[in-house]
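Dumped structure.txt below, it's compact mmCIF, C-alpha atoms:
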# COMPACT_ATOMS: atom_id res chain seq x y z
CA MET A 389 -61.66 -7.99 67.37
CA ILE A 390 -59.38 -6.51 64.73
CA THR A 391 -59.07 -2.74 64.45
CA ARG A 392 -57.63 -0.96 61.45
CA GLU A 393 -57.39 2.63 60.34
CA PHE A 394 -58.51 3.91 56.96
CA SER A 395 -58.36 7.40 55.55
CA GLY A 396 -60.06 9.50 52.92
CA LYS A 397 -60.73 13.10 51.98
CA THR A 398 -64.17 12.88 53.54
CA GLU A 399 -65.66 10.65 56.19
CA LYS A 400 -67.68 8.84 53.51
CA GLU A 401 -64.61 8.25 51.38
CA ALA A 402 -62.69 6.84 54.35
CA ILE A 403 -65.56 4.48 55.21
CA ASP A 404 -66.01 3.42 51.57
CA ASN A 405 -62.30 2.76 51.34
CA ALA A 406 -62.48 0.59 54.48
CA LEU A 407 -65.52 -1.39 53.36
CA ASN A 408 -64.16 -1.98 49.83
CA THR A 409 -60.78 -3.09 51.13
CA LEU A 410 -62.18 -5.35 53.84
CA LYS A 411 -65.11 -6.44 51.63
CA LEU A 412 -67.52 -6.04 54.52
CA LYS A 413 -70.89 -4.35 54.85
CA GLU A 414 -71.42 -1.40 57.13
CA ASP A 415 -73.46 -3.48 59.60
CA GLN A 416 -70.58 -5.92 60.03
CA VAL A 417 -68.14 -3.34 61.37
CA LYS A 418 -67.90 -0.76 64.10
CA ILE A 419 -66.77 2.63 62.85
CA GLU A 420 -65.17 5.32 64.99
CA LEU A 421 -64.15 8.70 63.70
CA GLU A 422 -60.54 9.34 64.62
CA ASN A 423 -60.29 13.08 64.09
CA LYS A 424 -63.56 14.93 63.94
CA ALA A 425 -64.07 16.94 60.79
CA GLY A 426 -65.08 20.49 61.42
CA ILE A 427 -62.87 21.21 64.39
CA PHE A 428 -59.99 22.09 62.13
CA PRO A 429 -61.74 22.83 58.87
CA PHE A 430 -58.49 23.96 57.25
CA GLY A 431 -55.18 22.19 57.38
CA LYS A 432 -56.54 18.72 58.05
CA LYS A 433 -56.19 16.88 54.79
CA ASN A 434 -57.41 13.42 55.59
CA ILE A 435 -60.20 12.03 57.68
CA VAL A 436 -59.20 8.87 59.52
CA VAL A 437 -61.69 6.26 60.65
CA LYS A 438 -61.05 3.35 62.98
CA VAL A 439 -62.82 0.23 61.78
CA SER A 440 -63.25 -2.78 64.06
CA TYR A 441 -64.56 -6.20 63.09
CA ASP A 442 -64.67 -9.74 64.30
CA GLU A 443 -61.60 -11.85 63.47
CA GLU A 444 -63.81 -14.43 61.77
CA LEU A 445 -64.83 -11.76 59.26
CA ALA A 446 -61.26 -11.09 58.17
CA PHE A 447 -61.06 -11.42 54.39
CA GLY A 448 -58.51 -14.24 54.36
CA ASN A 449 -60.56 -16.23 56.82
CA ARG A 450 -63.71 -15.83 54.74
CA CYS A 451 -61.78 -16.98 51.64
CA LEU A 452 -60.69 -20.04 53.60
CA MET A 453 -64.28 -20.80 54.64
CA LEU A 454 -65.53 -20.47 51.06
CA VAL A 455 -62.88 -22.88 49.72
CA ARG A 456 -63.75 -25.30 52.50
CA ASP A 457 -67.50 -25.12 51.80
CA LEU A 458 -67.01 -25.42 48.07
CA LEU A 459 -64.78 -28.50 48.35
CA GLU A 460 -67.22 -30.02 50.81
CA LYS A 461 -70.03 -29.57 48.28
CA MET A 462 -67.78 -31.19 45.68
CA ASN A 463 -67.46 -34.12 48.05
CA ILE A 464 -63.70 -33.70 48.25
CA GLU A 465 -61.75 -34.32 51.39
CA ALA A 466 -59.16 -31.63 52.00
CA LYS A 467 -57.20 -29.58 54.45
CA ILE A 468 -57.02 -25.88 53.68
CA TYR A 469 -54.43 -23.38 54.83
CA LEU A 470 -54.08 -19.64 54.57
CA LEU A 471 -50.48 -19.02 53.46
CA GLU A 472 -50.53 -15.30 52.83
CA GLU A 473 -52.96 -12.49 53.50
CA ASN A 474 -52.77 -8.80 52.75
CA ASP A 475 -55.00 -6.23 51.03
CA GLU A 476 -53.62 -7.06 47.57
CA LYS A 477 -53.35 -10.81 47.70
CA VAL A 478 -54.55 -13.91 49.52
CA VAL A 479 -52.87 -17.27 48.99
CA ILE A 480 -54.67 -20.46 49.92
CA GLU A 481 -53.10 -23.90 49.87
CA ILE A 482 -55.15 -27.08 49.57
CA GLU A 483 -53.92 -30.46 50.73
CA SER A 484 -55.96 -33.41 49.53
CA PRO A 485 -55.75 -37.06 48.49
CA ASP A 486 -58.00 -36.03 45.57
CA SER A 487 -55.52 -33.46 44.26
CA ALA A 488 -55.72 -34.84 40.70
CA ILE A 489 -59.44 -34.05 40.56
CA ILE A 490 -58.91 -30.58 42.01
CA ILE A 491 -56.16 -29.76 39.50
CA GLY A 492 -57.81 -31.26 36.42
CA LYS A 493 -56.43 -31.47 32.89
CA GLN A 494 -53.70 -28.83 32.45
CA GLY A 495 -54.82 -27.29 35.72
CA LYS A 496 -58.19 -26.25 34.30
CA THR A 497 -60.24 -27.25 37.33
CA LEU A 498 -57.89 -25.49 39.73
CA GLU A 499 -58.06 -22.41 37.50
CA SER A 500 -61.86 -22.54 37.50
CA LEU A 501 -62.00 -22.88 41.27
CA GLN A 502 -59.73 -19.86 41.61
CA THR A 503 -61.90 -17.86 39.18
CA ILE A 504 -65.14 -18.66 41.02
CA ILE A 505 -63.64 -17.98 44.44
CA SER A 506 -62.09 -14.68 43.31
CA VAL A 507 -65.33 -13.45 41.76
CA ILE A 508 -67.43 -14.43 44.78
CA MET A 509 -65.04 -12.88 47.29
CA ASN A 510 -64.58 -9.63 45.34
CA LYS A 511 -68.29 -9.28 44.60
CA ASN A 512 -69.60 -5.71 44.86
CA SER A 513 -66.22 -4.29 45.83
CA THR A 514 -64.32 -1.63 43.90
CA VAL A 515 -60.99 -2.98 45.16
CA TRP A 516 -59.96 -6.27 43.57
CA THR A 517 -57.96 -8.57 45.83
CA LYS A 518 -56.09 -11.31 44.01
CA ILE A 519 -56.80 -14.77 45.36
CA VAL A 520 -54.40 -17.57 44.53
CA VAL A 521 -55.55 -21.13 45.15
CA ASP A 522 -52.72 -23.63 45.03
CA ILE A 523 -52.42 -27.31 45.73
CA GLY A 524 -49.30 -29.32 46.53
CA ASN A 525 -47.18 -26.53 45.04
CA TYR A 526 -48.82 -27.22 41.67
CA ARG A 527 -48.40 -23.64 40.48
CA GLN A 528 -44.76 -23.52 41.45
CA ARG A 529 -44.08 -26.83 39.69
CA ARG A 530 -46.04 -25.69 36.63
CA GLU A 531 -44.00 -22.47 36.56
CA LYS A 532 -40.73 -24.44 36.60
CA SER A 533 -41.86 -26.79 33.83
CA LEU A 534 -43.09 -23.89 31.69
CA GLU A 535 -39.72 -22.18 32.05
CA LYS A 536 -37.98 -25.36 30.91
CA LEU A 537 -40.42 -25.71 28.02
CA ALA A 538 -39.81 -22.10 26.96
CA MET A 539 -36.06 -22.58 26.96
CA SER A 540 -36.12 -25.78 24.93
CA TYR A 541 -38.52 -24.34 22.33
CA ALA A 542 -36.42 -21.16 22.10
CA ASN A 543 -33.32 -23.24 21.42
CA GLN A 544 -35.16 -25.16 18.73
CA VAL A 545 -36.34 -21.92 17.10
CA LYS A 546 -32.81 -20.53 17.13
CA LYS A 547 -31.51 -23.70 15.45
CA THR A 548 -34.17 -23.98 12.75
CA LYS A 549 -35.07 -20.26 12.47
CA LYS A 550 -38.68 -21.37 12.13
CA SER A 551 -41.39 -20.22 14.51
CA ILE A 552 -43.22 -22.58 16.86
CA LEU A 553 -46.82 -22.27 18.08
CA LEU A 554 -47.32 -23.50 21.65
CA GLU A 555 -50.38 -25.15 23.15
CA PRO A 556 -53.19 -22.83 24.41
CA MET A 557 -52.44 -21.28 27.79
CA ASN A 558 -54.07 -18.95 30.29
CA PRO A 559 -52.69 -15.44 30.95
CA PHE A 560 -50.74 -16.55 34.03
CA GLU A 561 -48.94 -19.26 32.05
CA ARG A 562 -48.32 -17.03 29.03
CA ARG A 563 -46.79 -14.38 31.23
CA ILE A 564 -44.22 -16.87 32.51
CA ILE A 565 -43.16 -17.73 28.94
CA HIS A 566 -43.05 -14.09 27.75
CA MET A 567 -41.01 -13.07 30.81
CA MET A 568 -38.64 -16.00 30.45
CA LEU A 569 -37.77 -15.14 26.83
CA LYS A 570 -38.00 -11.36 26.79
CA ASP A 571 -34.25 -10.82 27.24
CA ASP A 572 -33.26 -13.25 24.49
CA ASN A 573 -32.04 -11.12 21.55
CA ASN A 574 -32.76 -13.79 18.96
CA ILE A 575 -36.27 -14.59 20.13
CA ASP A 576 -39.58 -12.80 19.86
CA THR A 577 -42.81 -13.99 21.47
CA GLN A 578 -46.36 -13.06 20.58
CA SER A 579 -49.82 -14.22 21.61
CA GLU A 580 -52.28 -15.44 18.98
CA GLY A 581 -56.01 -16.01 19.26
CA GLU A 582 -59.02 -14.48 20.97
CA GLY A 583 -60.28 -14.47 24.54
CA THR A 584 -58.35 -15.30 27.70
CA ILE A 585 -56.90 -18.57 26.42
CA LYS A 586 -54.37 -17.77 23.70
CA GLN A 587 -51.41 -19.47 22.08
CA ILE A 588 -47.89 -18.12 22.16
CA ARG A 589 -45.80 -18.14 19.02
CA ILE A 590 -42.03 -18.16 19.48
CA LEU A 591 -40.29 -16.50 16.54
CA TYR A 592 -36.71 -16.08 15.44
CA LYS A 593 -35.30 -12.61 14.99
CA GLU A 594 -31.88 -11.40 13.88
CA ASP A 595 -29.90 -9.78 16.68
CA MET B 1006 -72.35 -36.45 45.04
CA ASN B 1007 -75.07 -33.89 44.69
CA GLU B 1008 -74.41 -31.71 41.63
CA LYS B 1009 -77.62 -29.79 42.15
CA GLU B 1010 -76.54 -28.64 45.60
CA LEU B 1011 -73.11 -27.69 44.26
CA VAL B 1012 -74.55 -25.50 41.49
CA GLU B 1013 -77.02 -23.97 43.90
CA PHE B 1014 -74.23 -23.13 46.33
CA ILE B 1015 -72.01 -21.53 43.69
CA ALA B 1016 -74.90 -19.59 42.12
CA LYS B 1017 -76.17 -18.29 45.45
CA SER B 1018 -72.66 -17.13 46.36
CA LEU B 1019 -72.25 -15.29 43.06
CA VAL B 1020 -75.54 -13.40 42.85
CA ASP B 1021 -77.00 -10.54 44.86
CA ASN B 1022 -80.47 -12.02 45.11
CA ALA B 1023 -79.85 -15.51 46.45
CA ASP B 1024 -83.58 -16.13 47.06
CA LYS B 1025 -84.23 -16.14 43.32
CA VAL B 1026 -81.73 -18.89 42.55
CA GLN B 1027 -83.43 -22.04 41.32
CA VAL B 1028 -81.97 -25.29 40.06
CA ASN B 1029 -84.09 -27.92 38.34
CA MET B 1030 -82.63 -31.34 37.84
CA ILE B 1031 -83.68 -33.44 34.89
CA GLU B 1032 -82.21 -36.90 34.97
CA SER B 1033 -82.00 -39.39 32.18
CA GLU B 1034 -80.09 -42.62 31.81
CA LYS B 1035 -76.85 -41.17 30.53
CA SER B 1036 -76.97 -37.57 31.59
CA THR B 1037 -78.19 -35.09 34.13
CA ILE B 1038 -79.35 -31.67 33.05
CA LEU B 1039 -79.28 -28.88 35.59
CA GLU B 1040 -81.42 -25.90 34.70
CA LEU B 1041 -80.25 -22.83 36.56
CA SER B 1042 -82.33 -19.71 36.75
CA VAL B 1043 -81.50 -16.51 38.63
CA ASP B 1044 -82.98 -13.04 39.06
CA GLU B 1045 -82.63 -11.17 35.77
CA PRO B 1046 -80.14 -8.49 36.95
CA ASP B 1047 -77.95 -11.32 38.27
CA ILE B 1048 -77.56 -13.18 34.99
CA GLY B 1049 -74.33 -11.37 34.12
CA LYS B 1050 -72.85 -12.45 37.45
CA ILE B 1051 -73.43 -16.10 36.55
CA ILE B 1052 -72.21 -15.89 32.96
CA GLY B 1053 -69.34 -13.40 33.29
CA LYS B 1054 -67.36 -11.66 30.56
CA HIS B 1055 -67.07 -13.93 27.52
CA GLY B 1056 -68.87 -16.62 29.54
CA ARG B 1057 -65.84 -17.00 31.79
CA ILE B 1058 -67.79 -17.75 34.95
CA ALA B 1059 -70.31 -20.10 33.34
CA LYS B 1060 -67.39 -21.97 31.82
CA ALA B 1061 -65.68 -22.24 35.21
CA ILE B 1062 -68.86 -23.62 36.81
CA ARG B 1063 -69.13 -26.21 34.02
CA THR B 1064 -65.49 -27.23 34.45
CA ILE B 1065 -65.98 -27.75 38.18
CA LEU B 1066 -69.15 -29.73 37.50
CA SER B 1067 -67.50 -32.02 35.00
CA ALA B 1068 -64.56 -32.56 37.36
CA VAL B 1069 -66.81 -33.96 40.07
CA SER B 1070 -69.17 -35.83 37.76
CA ASN B 1071 -66.29 -37.69 36.09
CA LYS B 1072 -66.37 -40.00 39.08
CA SER B 1073 -69.94 -41.10 38.39
CA ASN B 1074 -69.51 -41.63 34.62
CA LYS B 1075 -72.57 -39.56 33.93
CA ARG B 1076 -72.58 -36.39 31.89
CA VAL B 1077 -73.81 -33.36 33.76
CA LEU B 1078 -74.99 -30.45 31.64
CA LEU B 1079 -75.64 -26.98 32.94
CA ASP B 1080 -78.29 -24.87 31.27
CA ILE B 1081 -78.55 -21.24 32.27
CA ILE B 1082 -82.10 -20.09 31.64
CA ASP B 1083 -82.72 -16.47 30.80

What's the structure tokens form of this structure?
Amino acid sequence: MITREFSGKTEKEAIDNALNTLKLKEDQVKIELENKAGIFPFGKKNIVVKVSYDEELAFGNRCLMLVRDLLEKMNIEAKIYLLEENDEKVVIEIESPDSAIIIGKQGKTLESLQTIISVIMNKNSTVWTKIVVDIGNYRQRREKSLEKLAMSYANQVKKTKKSILLEPMNPFERRIIHMMLKDDNNIDTQSEGEGTIKQIRILYKED
Amino acid sequence: MNEKELVEFIAKSLVDNADKVQVNMIESEKSTILELSVDEPDIGKIIGKHGRIAKAIRTILSAVSNKSNKRVLLDIID
């Protein structure tokens, strides 16, 4: 069993906070009131509840199970590891001989898997926990290659003073490019297009 | 590879009313059409903002069906 404490202004708020953070239903946990409301009606600011639940129901573990089940249904052989788990973020690493299928063209399949898993796991909760699904350090490698790409395009723009429009990218990828070039005094970046997949334009500006 | 089971699994995990999830498979020589229907209040959960979730399901489907050289189409019935 895992036991954690959650607080709120009222007992209900403390319990809601616990259930939204843990993404569990009330019948999956045992709730104990830490300091009874009413004994000290004034002065006590927060109500604390102790929430206990089975280790198997821990959020990270349930994410792991979902990835495993999903890949099994996709007929893909894989080993799955939980690399990081806290209330804000869960990181899952996949190891598989079929990694090319899991990643897909420009990482689109991996992105889709992450979207589906995030939406399923955060369903009906008011607290959104970010879930990162990675495979063979794909994201880290992609990040490095995007940084290189950004630098080489920026140099080209500075030479020719003409803007360049990059290939369509998702928000995660665009952020890397914007961040990489934001301190360059001769370069401006802006996103063009509609929806989540936009294109970045790299422009020249006078210092 | 059973695409029908895969769609059923994803849809049931996404919706509130898993009992109302239904997938019909229509097979022809070159393609497979999967007709997905869910409880009406759950339709938004399957489609998502700007069709983001439906698109993700289709991407996953095409990734696994590439192996079999057969097009798999997903129809969401409302």

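Taking atom CA of A:Asn408 and atom CA of B:Pro1046 as the two end points, the separation is 21.5 Å.
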
Contact set, chain A to chain B: 12 Å, only C-alpha atoms, as a PDB file with C-alpha atoms, keeping the file's coordinate frame:
ATOM      1  CA  LEU A 454     -65.530 -20.470  51.060  1.00  0.00           C
ATOM      2  CA  VAL A 455     -62.880 -22.880  49.720  1.00  0.00           C
ATOM      3  CA  ASP A 457     -67.500 -25.120  51.800  1.00  0.00           C
ATOM      4  CA  LEU A 458     -67.010 -25.420  48.070  1.00  0.00           C
ATOM      5  CA  LEU A 459     -64.780 -28.500  48.350  1.00  0.00           C
ATOM      6  CA  GLU A 460     -67.220 -30.020  50.810  1.00  0.00           C
ATOM      7  CA  LYS A 461     -70.030 -29.570  48.280  1.00  0.00           C
ATOM      8  CA  MET A 462     -67.780 -31.190  45.680  1.00  0.00           C
ATOM      9  CA  ASN A 463     -67.460 -34.120  48.050  1.00  0.00           C
ATOM     10  CA  ILE A 464     -63.700 -33.700  48.250  1.00  0.00           C
ATOM     11  CA  ASP A 486     -58.000 -36.030  45.570  1.00  0.00           C
ATOM     12  CA  SER A 487     -55.520 -33.460  44.260  1.00  0.00           C
ATOM     13  CA  ALA A 488     -55.720 -34.840  40.700  1.00  0.00           C
ATOM     14  CA  ILE A 489     -59.440 -34.050  40.560  1.00  0.00           C
ATOM     15  CA  ILE A 490     -58.910 -30.580  42.010  1.00  0.00           C
ATOM     16  CA  ILE A 491     -56.160 -29.760  39.500  1.00  0.00           C
ATOM     17  CA  GLY A 492     -57.810 -31.260  36.420  1.00  0.00           C
ATOM     18  CA  LYS A 493     -56.430 -31.470  32.890  1.00  0.00           C
ATOM     19  CA  GLY A 495     -54.820 -27.290  35.720  1.00  0.00           C
ATOM     20  CA  LYS A 496     -58.190 -26.250  34.300  1.00  0.00           C
ATOM     21  CA  THR A 497     -60.240 -27.250  37.330  1.00  0.00           C
ATOM     22  CA  LEU A 498     -57.890 -25.490  39.730  1.00  0.00           C
ATOM     23  CA  GLU A 499     -58.060 -22.410  37.500  1.00  0.00           C
ATOM     24  CA  SER A 500     -61.860 -22.540  37.500  1.00  0.00           C
ATOM     25  CA  LEU A 501     -62.000 -22.880  41.270  1.00  0.00           C
ATOM     26  CA  GLN A 502     -59.730 -19.860  41.610  1.00  0.00           C
ATOM     27  CA  THR A 503     -61.900 -17.860  39.180  1.00  0.00           C
ATOM     28  CA  ILE A 504     -65.140 -18.660  41.020  1.00  0.00           C
ATOM     29  CA  ILE A 505     -63.640 -17.980  44.440  1.00  0.00           C
ATOM     30  CA  SER A 506     -62.090 -14.680  43.310  1.00  0.00           C
ATOM     31  CA  VAL A 507     -65.330 -13.450  41.760  1.00  0.00           C
ATOM     32  CA  ILE A 508     -67.430 -14.430  44.780  1.00  0.00           C
ATOM     33  CA  MET A 509     -65.040 -12.880  47.290  1.00  0.00           C
ATOM     34  CA  ASN A 510     -64.580  -9.630  45.340  1.00  0.00           C
ATOM     35  CA  LYS A 511     -68.290  -9.280  44.600  1.00  0.00           C
ATOM     36  CA  ASN A 512     -69.600  -5.710  44.860  1.00  0.00           C
ATOM     37  CA  GLU A 582     -59.020 -14.480  20.970  1.00  0.00           C
ATOM     38  CA  GLY A 583     -60.280 -14.470  24.540  1.00  0.00           C
ATOM     39  CA  THR A 584     -58.350 -15.300  27.700  1.00  0.00           C
ATOM     40  CA  ILE A 585     -56.900 -18.570  26.420  1.00  0.00           C
TER      41      ILE A 585
END

Task: Separation of atom CA of A:Leu452 from atom CA of A:Tyr469 in Å - done: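 For atom CA of A:Tyr469 relative to atom CA of A:Leu452, the distance reads 7.2 Å.
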
TODO: Show which residues sit within 7 Å of stretch 519-525 of chain A, as a ChimeraX atom specification. Count all atoms listed in the file, and ignore same-chain residues fewer than 5 positions away.
DONE: /A:477-483,502,506

Task: B:Lys1035 surroundings by only C-alpha atoms, 12 Å radius, close-in-sequence under 3 positions cut, as a VMD selection string - done: chain B and resid 1031 to 1032 1038 1070 1073 to 1078

Task: Within-12 Å shell of (-36.0, -20.7, 28.0) in input frame, only C-alpha atoms, as JSON, numbers by chain - done: {"A": [531, 532, 533, 534, 535, 536, 537, 538, 539, 540, 541, 542, 543, 544, 545, 546, 564, 565, 566, 567, 568, 569, 570, 571, 572, 574, 575, 576, 577, 590]}

Open item on the list: Report, in Å to a single decimal, how far apart atom CA of B:Val1028 and atom CA of B:Val1043 are.
Closed with: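 Straight-line distance from atom CA of B:Val1043 to atom CA of B:Val1028 works out to 8.9 Å.
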
Task: Residue with smallest distance to B:Asp1047 - pool B:Glu1034, B:Asn1029, B:Asp1024, B:Asp1080, counting all atoms listed in the file - done: B:Asp1024

Open item on the list: Which polymer residues, whether protein, DNA or RNA, lie within 7 Å of the coordinate (-53.3, -6.9, 48.3) when you count all atoms listed in the file? List them as a PyMOL selection string, using the chain letters and numbers from the file.
Closed with: chain A and resi 474-477+517-518

- [ ] Might you pull out every residue within 8 Å of stretch 435-451 of chain A, with only C-alpha atoms counted and same-chain residues fewer than 4 positions away left off, and present them as number ranges by chain?
- [x] A: 389-399, 402-403, 406, 410-412, 416-425, 455, 470, 473, 478, 505, 509
